[in-house]
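Text of final38.txt, listed as compact mmCIF, C-alpha atoms:
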# COMPACT_ATOMS: atom_id res chain seq x y z
CA MET K 1 -239.48 -185.93 -36.65
CA ILE K 2 -239.55 -189.64 -37.51
CA LYS K 3 -239.18 -190.67 -41.17
CA ALA K 4 -241.02 -193.49 -42.95
CA ALA K 5 -237.66 -195.02 -43.86
CA ASP K 6 -236.85 -195.46 -40.15
CA VAL K 7 -240.07 -197.34 -39.35
CA LYS K 8 -240.87 -201.02 -39.70
CA VAL K 9 -243.83 -203.20 -38.85
CA GLY K 10 -243.53 -204.47 -35.28
CA ASP K 11 -241.91 -201.28 -33.93
CA GLU K 12 -243.22 -200.33 -30.50
CA LEU K 13 -243.81 -196.66 -29.75
CA PRO K 14 -242.68 -195.17 -26.42
CA PRO K 15 -245.55 -195.87 -23.96
CA LEU K 16 -247.41 -193.18 -22.10
CA THR K 17 -249.13 -192.88 -18.73
CA LEU K 18 -252.10 -190.53 -18.60
CA ARG K 19 -253.39 -189.09 -15.38
CA ILE K 20 -257.01 -187.91 -15.52
CA THR K 21 -258.31 -185.78 -12.67
CA ARG K 22 -261.68 -184.17 -11.97
CA ALA K 23 -260.16 -180.85 -13.08
CA ASP K 24 -259.34 -182.45 -16.45
CA LEU K 25 -262.97 -183.49 -16.86
CA VAL K 26 -264.18 -179.94 -16.23
CA LYS K 27 -261.63 -178.55 -18.68
CA TYR K 28 -262.58 -181.08 -21.35
CA ALA K 29 -266.30 -180.48 -20.83
CA GLY K 30 -265.75 -176.78 -21.51
CA ALA K 31 -263.40 -177.32 -24.44
CA SER K 32 -265.58 -179.92 -26.18
CA GLY K 33 -269.07 -178.73 -25.27
CA ASP K 34 -269.94 -182.14 -23.76
CA PHE K 35 -271.63 -181.21 -20.49
CA ASN K 36 -273.19 -184.60 -19.74
CA PRO K 37 -273.46 -184.58 -15.90
CA ILE K 38 -272.07 -188.14 -15.62
CA HIS K 39 -268.69 -186.47 -16.17
CA TRP K 40 -268.91 -183.95 -13.31
CA ASN K 41 -271.87 -184.67 -11.01
CA GLU K 42 -271.29 -187.55 -8.56
CA ARG K 43 -274.93 -187.59 -7.41
CA PHE K 44 -276.22 -187.83 -10.98
CA ALA K 45 -273.63 -190.45 -11.98
CA THR K 46 -274.50 -192.80 -9.11
CA GLU K 47 -278.23 -192.28 -9.70
CA VAL K 48 -277.86 -193.65 -13.25
CA GLY K 49 -275.97 -196.68 -11.95
CA LEU K 50 -272.35 -195.68 -12.52
CA PRO K 51 -269.68 -196.23 -9.86
CA GLY K 52 -269.23 -192.45 -9.77
CA VAL K 53 -268.10 -189.69 -12.11
CA ILE K 54 -266.45 -191.18 -15.21
CA ALA K 55 -264.14 -189.68 -17.83
CA HIS K 56 -265.55 -188.71 -21.22
CA GLY K 57 -264.65 -191.56 -23.60
CA MET K 58 -263.69 -188.80 -26.03
CA LEU K 59 -261.26 -187.37 -23.46
CA THR K 60 -259.49 -190.72 -23.08
CA MET K 61 -259.49 -190.99 -26.89
CA GLY K 62 -258.16 -187.45 -27.28
CA MET K 63 -255.40 -187.95 -24.72
CA ALA K 64 -254.37 -191.44 -25.86
CA ILE K 65 -253.47 -190.34 -29.41
CA ARG K 66 -250.53 -188.48 -27.91
CA VAL K 67 -248.75 -191.83 -27.89
CA VAL K 68 -248.68 -191.47 -31.69
CA THR K 69 -248.33 -187.69 -32.08
CA ASP K 70 -245.37 -187.58 -29.65
CA TRP K 71 -243.74 -190.16 -31.90
CA THR K 72 -244.54 -188.59 -35.31
CA GLY K 73 -243.80 -185.08 -34.04
CA ASP K 74 -246.53 -183.77 -36.36
CA PRO K 75 -250.16 -184.12 -35.20
CA GLY K 76 -251.24 -183.49 -38.81
CA ALA K 77 -249.70 -186.86 -39.75
CA ILE K 78 -252.74 -188.62 -38.25
CA LEU K 79 -254.99 -189.36 -41.22
CA GLU K 80 -257.37 -191.60 -39.35
CA TYR K 81 -258.02 -192.45 -35.72
CA GLY K 82 -260.73 -194.72 -34.37
CA VAL K 83 -261.65 -196.39 -31.10
CA ARG K 84 -264.43 -198.41 -29.47
CA PHE K 85 -265.41 -197.23 -26.03
CA GLY K 86 -265.06 -200.13 -23.62
CA ARG K 87 -265.12 -199.93 -19.86
CA PRO K 88 -265.60 -196.49 -18.35
CA VAL K 89 -262.73 -194.82 -16.45
CA PRO K 90 -263.99 -193.74 -13.01
CA VAL K 91 -262.25 -190.58 -11.83
CA PRO K 92 -262.15 -190.30 -8.03
CA ASP K 93 -262.43 -186.93 -6.28
CA ASP K 94 -259.05 -187.26 -4.56
CA GLY K 95 -256.72 -184.97 -6.48
CA GLU K 96 -254.85 -188.07 -7.69
CA GLY K 97 -257.34 -189.02 -10.39
CA ALA K 98 -257.21 -192.12 -12.56
CA LEU K 99 -254.23 -193.54 -14.42
CA VAL K 100 -254.47 -194.88 -17.98
CA GLU K 101 -251.54 -196.79 -19.50
CA VAL K 102 -251.21 -196.34 -23.26
CA THR K 103 -249.09 -198.45 -25.60
CA ALA K 104 -248.84 -198.52 -29.39
CA LYS K 105 -247.25 -200.64 -32.07
CA VAL K 106 -246.81 -200.34 -35.83
CA THR K 107 -248.86 -203.21 -37.29
CA LYS K 108 -249.05 -202.59 -41.04
CA LEU K 109 -247.48 -200.78 -43.95
CA LEU K 110 -250.42 -200.06 -46.25
CA ASP K 111 -250.39 -199.90 -50.06
CA ASP K 112 -250.53 -196.11 -50.10
CA GLY K 113 -247.36 -195.88 -47.98
CA THR K 114 -249.17 -195.01 -44.75
CA PHE K 115 -248.68 -196.95 -41.51
CA LYS K 116 -251.30 -198.52 -39.29
CA VAL K 117 -250.59 -198.21 -35.58
CA ASN K 118 -252.57 -200.21 -33.03
CA ILE K 119 -253.15 -198.55 -29.67
CA THR K 120 -254.07 -200.04 -26.30
CA ALA K 121 -255.30 -198.09 -23.27
CA GLN K 122 -255.72 -199.76 -19.89
CA HIS K 123 -257.04 -198.60 -16.57
CA ASP K 124 -256.57 -200.88 -13.59
CA GLY K 125 -255.23 -203.56 -15.92
CA LYS K 126 -258.39 -203.56 -18.06
CA SER K 127 -258.87 -202.24 -21.58
CA VAL K 128 -260.80 -198.97 -21.83
CA LEU K 129 -260.45 -198.40 -25.61
CA GLY K 130 -261.14 -201.40 -27.84
CA GLY K 131 -259.78 -201.90 -31.34
CA ALA K 132 -258.05 -198.52 -31.23
CA SER K 133 -255.86 -197.70 -34.20
CA ALA K 134 -254.49 -194.80 -36.17
CA ARG K 135 -253.31 -194.44 -39.75
CA VAL K 136 -250.35 -192.10 -40.17
CA ARG K 137 -248.45 -190.61 -43.08
CA LEU K 138 -244.76 -190.12 -42.40
CA PRO K 139 -242.36 -188.01 -44.46
CA MET N 1 -289.70 -199.40 -28.88
CA PRO N 2 -287.19 -200.06 -31.69
CA LEU N 3 -286.12 -197.07 -33.77
CA ASP N 4 -287.80 -196.47 -37.13
CA GLN N 5 -285.74 -198.23 -39.83
CA SER N 6 -286.97 -195.77 -42.46
CA PHE N 7 -284.46 -193.27 -41.03
CA ILE N 8 -281.64 -195.28 -42.64
CA GLY N 9 -280.17 -193.20 -45.46
CA ARG N 10 -281.54 -189.95 -44.13
CA VAL N 11 -279.34 -186.89 -44.64
CA TYR N 12 -279.92 -183.77 -42.57
CA PRO N 13 -279.34 -180.31 -44.06
CA PRO N 14 -275.86 -178.86 -43.37
CA THR N 15 -275.34 -177.06 -40.07
CA PRO N 16 -274.65 -173.31 -39.97
CA PRO N 17 -270.89 -172.64 -40.28
CA TYR N 18 -268.72 -173.06 -37.18
CA GLU N 19 -265.72 -170.77 -37.34
CA VAL N 20 -262.59 -172.44 -35.96
CA GLY N 21 -260.62 -169.99 -33.82
CA ARG N 22 -256.98 -170.17 -32.75
CA GLU N 23 -257.92 -169.83 -29.09
CA LYS N 24 -260.49 -172.65 -29.33
CA ILE N 25 -257.80 -174.89 -30.80
CA ARG N 26 -255.43 -173.93 -27.98
CA GLU N 27 -258.15 -174.58 -25.37
CA PHE N 28 -258.95 -178.00 -26.85
CA ALA N 29 -255.25 -178.89 -27.15
CA ASP N 30 -254.73 -177.95 -23.49
CA ALA N 31 -257.73 -180.08 -22.48
CA VAL N 32 -256.41 -183.24 -24.18
CA GLY N 33 -252.77 -182.60 -23.24
CA ALA N 34 -251.65 -182.02 -26.84
CA THR N 35 -248.43 -180.05 -26.37
CA SER N 36 -247.25 -179.49 -29.97
CA PRO N 37 -246.55 -175.86 -30.93
CA VAL N 38 -248.48 -176.35 -34.21
CA HIS N 39 -251.68 -176.10 -32.09
CA ARG N 40 -250.60 -172.76 -30.60
CA ASP N 41 -248.06 -170.84 -32.64
CA PRO N 42 -249.00 -169.76 -36.20
CA GLU N 43 -245.31 -169.40 -37.10
CA ALA N 44 -244.55 -172.96 -35.99
CA ALA N 45 -247.62 -174.19 -37.89
CA ARG N 46 -246.50 -172.38 -41.08
CA ALA N 47 -242.97 -173.76 -40.71
CA ALA N 48 -244.57 -177.25 -40.60
CA GLY N 49 -246.40 -176.51 -43.86
CA TYR N 50 -249.83 -175.47 -42.55
CA LYS N 51 -251.77 -172.28 -43.29
CA ASP N 52 -252.36 -171.54 -39.61
CA VAL N 53 -252.50 -173.47 -36.32
CA ILE N 54 -254.06 -176.92 -36.72
CA ALA N 55 -256.43 -178.72 -34.39
CA PRO N 56 -255.67 -182.01 -32.56
CA PRO N 57 -256.98 -185.17 -34.30
CA THR N 58 -260.23 -185.41 -32.29
CA PHE N 59 -261.26 -181.72 -32.50
CA ALA N 60 -264.01 -182.55 -35.02
CA ILE N 61 -266.04 -183.97 -32.13
CA ILE N 62 -267.04 -180.38 -31.28
CA VAL N 63 -268.87 -179.88 -34.57
CA SER N 64 -270.11 -183.46 -34.84
CA LEU N 65 -271.63 -183.31 -31.34
CA LYS N 66 -273.44 -180.13 -32.32
CA ALA N 67 -274.60 -181.74 -35.55
CA ASN N 68 -275.97 -184.74 -33.61
CA ASP N 69 -278.50 -182.40 -32.02
CA VAL N 70 -280.72 -182.44 -35.12
CA LEU N 71 -281.00 -186.20 -34.76
CA VAL N 72 -281.43 -186.18 -31.01
CA GLU N 73 -284.09 -183.47 -31.24
CA ASP N 74 -285.95 -184.99 -34.21
CA PRO N 75 -289.37 -185.79 -32.70
CA ASP N 76 -290.09 -188.32 -35.49
CA LEU N 77 -287.10 -190.44 -34.46
CA GLY N 78 -287.99 -190.22 -30.77
CA LEU N 79 -284.53 -190.92 -29.41
CA ASP N 80 -284.33 -191.04 -25.59
CA TYR N 81 -280.96 -189.32 -25.18
CA SER N 82 -280.71 -190.24 -21.50
CA ARG N 83 -280.31 -193.86 -22.69
CA VAL N 84 -277.70 -193.10 -25.35
CA VAL N 85 -274.10 -194.29 -24.99
CA HIS N 86 -271.25 -193.45 -27.37
CA GLY N 87 -270.18 -196.86 -28.72
CA ASP N 88 -267.32 -196.01 -31.05
CA GLN N 89 -265.82 -193.10 -32.93
CA THR N 90 -263.54 -192.73 -35.94
CA PHE N 91 -262.20 -189.61 -37.65
CA THR N 92 -260.80 -189.74 -41.17
CA HIS N 93 -259.05 -186.55 -42.20
CA THR N 94 -258.63 -185.19 -45.71
CA ARG N 95 -256.53 -182.50 -44.05
CA PRO N 96 -256.16 -181.20 -40.48
CA ILE N 97 -258.80 -178.76 -39.24
CA THR N 98 -257.13 -175.33 -39.38
CA ALA N 99 -257.81 -172.02 -37.65
CA GLY N 100 -259.97 -169.86 -39.89
CA ASP N 101 -261.95 -172.81 -41.31
CA ARG N 102 -265.69 -172.25 -41.44
CA LEU N 103 -266.95 -175.79 -40.94
CA VAL N 104 -270.33 -177.12 -41.95
CA VAL N 105 -271.49 -180.64 -41.09
CA GLU N 106 -273.84 -182.85 -43.02
CA LEU N 107 -275.20 -185.68 -40.91
CA HIS N 108 -276.01 -189.05 -42.47
CA VAL N 109 -277.83 -191.94 -40.84
CA ASP N 110 -275.97 -194.95 -42.26
CA GLY N 111 -277.62 -197.70 -40.27
CA ILE N 112 -280.04 -198.69 -37.55
CA THR N 113 -279.73 -202.17 -36.09
CA SER N 114 -281.05 -203.89 -33.03
CA ARG N 115 -279.03 -206.24 -30.85
CA MET N 116 -280.02 -207.78 -27.54
CA GLY N 117 -282.65 -205.13 -26.88
CA ASN N 118 -280.33 -202.23 -27.76
CA ASP N 119 -280.63 -200.04 -30.85
CA MET N 120 -277.43 -199.12 -32.64
CA LEU N 121 -277.37 -196.00 -34.78
CA ALA N 122 -274.51 -195.68 -37.24
CA ILE N 123 -273.98 -191.99 -37.94
CA ARG N 124 -271.63 -190.27 -40.34
CA ALA N 125 -270.72 -186.60 -40.07
CA GLU N 126 -269.26 -185.16 -43.27
CA VAL N 127 -267.28 -182.12 -42.19
CA GLY N 128 -266.25 -179.56 -44.80
CA THR N 129 -265.76 -175.85 -45.23
CA ASP N 130 -268.58 -173.56 -46.31
CA GLU N 131 -266.71 -173.29 -49.62
CA GLY N 132 -267.26 -177.00 -50.23
CA GLU N 133 -263.80 -178.38 -49.37
CA HIS N 134 -263.95 -181.75 -47.59
CA VAL N 135 -261.99 -181.77 -44.32
CA CYS N 136 -262.98 -184.78 -42.22
CA THR N 137 -265.42 -187.66 -41.92
CA GLY N 138 -266.56 -188.62 -38.43
CA ARG N 139 -268.20 -192.00 -37.96
CA CYS N 140 -269.80 -193.08 -34.73
CA THR N 141 -272.18 -195.62 -33.30
CA LEU N 142 -274.69 -194.41 -30.76
CA VAL N 143 -276.06 -197.23 -28.63
CA VAL N 144 -279.56 -196.70 -27.28
CA ARG N 145 -279.92 -198.97 -24.28
CA GLY N 146 -283.20 -200.86 -24.24
CA GLU N 147 -285.67 -200.53 -21.36
CA ASP N 148 -284.39 -203.77 -19.81
CA ALA N 149 -280.72 -203.39 -20.70
Would you encode the structure as structure tokens?
Amino acid sequence: MIKAADVKVGDELPPLTLRITRADLVKYAGASGDFNPIHWNERFATEVGLPGVIAHGMLTMGMAIRVVTDWTGDPGAILEYGVRFGRPVPVPDDGEGALVEVTAKVTKLLDDGTFKVNITAQHDGKSVLGGASARVRLP
Amino acid sequence: MPLDQSFIGRVYPPTPPYEVGREKIREFADAVGATSPVHRDPEAARAAGYKDVIAPPTFAIIVSLKANDVLVEDPDLGLDYSRVVHGDQTFTHTRPITAGDRLVVELHVDGITSRMGNDMLAIRAEVGTDEGEHVCTGRCTLVVRGEDA
């Protein structure tokens, strides 16, 4: 587990590649209780003007924080986590799914001894989570 | 039609308790790819200083989504949910959500603004136990797309 003494502003966290498939969307719908058909029904999604079935923003958010929890080793170290939902992530029905590249960097040591970590998530070279950051307390 | 500004400051009565189960935490952790043993193994969670298995950082969405229903279904507000998009989301934790918690949510309407034909609703979900211990604050903006947007 990483210690506060080993961390400095500017440190980059090991990046992460997420793969999101249609099966992941079904699993997340069940786990979260978000059954909006834009996340599983192609016909409905295209009818409302989307390119097709898209990932839950909350799924991308939930998966992306792993870039920080893998680094801290303790998921309970995340005191705060926030994102803006930018572009949707279309998830094709091809078994391959969609790839999201996640990076993170320590940007601030705050007065209370916690660290601010900025997170980026890109699909197809474009940002899908805006202004994403977490505040973590390290031992 | 723009949303009624008099809803700003409104607080809805707390939801009935939601009991957080170990298996629900495991299911949610699996769904977001959270692999840590503290989501699955009570012994590992205790060794890490927790009372029982803890939930991943975005688990509170389950109870805040449920709590949003009172707002969505409030006929006086008249929200057209088919036009609603989740704009942003933040969770601030007093402590991790833990198996065995009985969570109640109090929903606050913090703001209603209008921009380029869209209504933005700033909502705050105060998540605590039914014994009054604060656990988490969820803040989100719901964007209601205008008829022409």
With a distance threshold of 10 Å and counting all atoms listed in the file, extract the residues of chain N near chain K and express them as a ChimeraX atom specification. /N:24-39,45,48-50,54-63,65-66,82-83,85-97,136-141
Report as a list in words all protein, DNA and RNA residues lying within 12 Å of Asp69 in chain N, evaluated on only C-alpha atoms, omitting residues in the same chain fewer than 4 positions from it.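 Here the qualifying residues turn out to be Asp34 of chain K; Tyr12, Thr15, Ile62, Val63, Ser64, Leu65, Glu73, Asp74, Pro75, Leu79, Tyr81, Val105, Glu106, Leu107 and Ala125 of chain N.
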Pick from K:Ala5, K:Gly113, K:Asp11, K:Thr21, whichever lies nearest to Gly95 in chain K using only C-alpha atoms: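 Of K:Ala5, K:Gly113, K:Asp11, K:Thr21, the one nearest Gly95 in chain K, counting only C-alpha atoms, is K:Thr21.
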How many Å lie between CA of Thr113 in chain N and CA of Val84 in chain N, rounded to one decimal?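 We find that CA of Thr113 in chain N and CA of Val84 in chain N lie 14.2 Å from each other.
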State, in Å with one decimal place, the distance from CA of Trp71 in chain K to CA of Glu133 in chain N.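 About the pair CA of Trp71 in chain K and CA of Glu133 in chain N: they are 29.1 Å apart.
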Using Å and a single decimal, report how far CA of Asp119 in chain N sits from CA of Arg10 in chain N.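 Between CA of Arg10 in chain N and CA of Asp119 in chain N the gap is 16.7 Å.
Proximity ranking of N:Gly100, N:Gly21, N:Pro13, N:Pro42 relative to Leu71 in chain N places N:Pro13 first, based on all atoms listed in the file.
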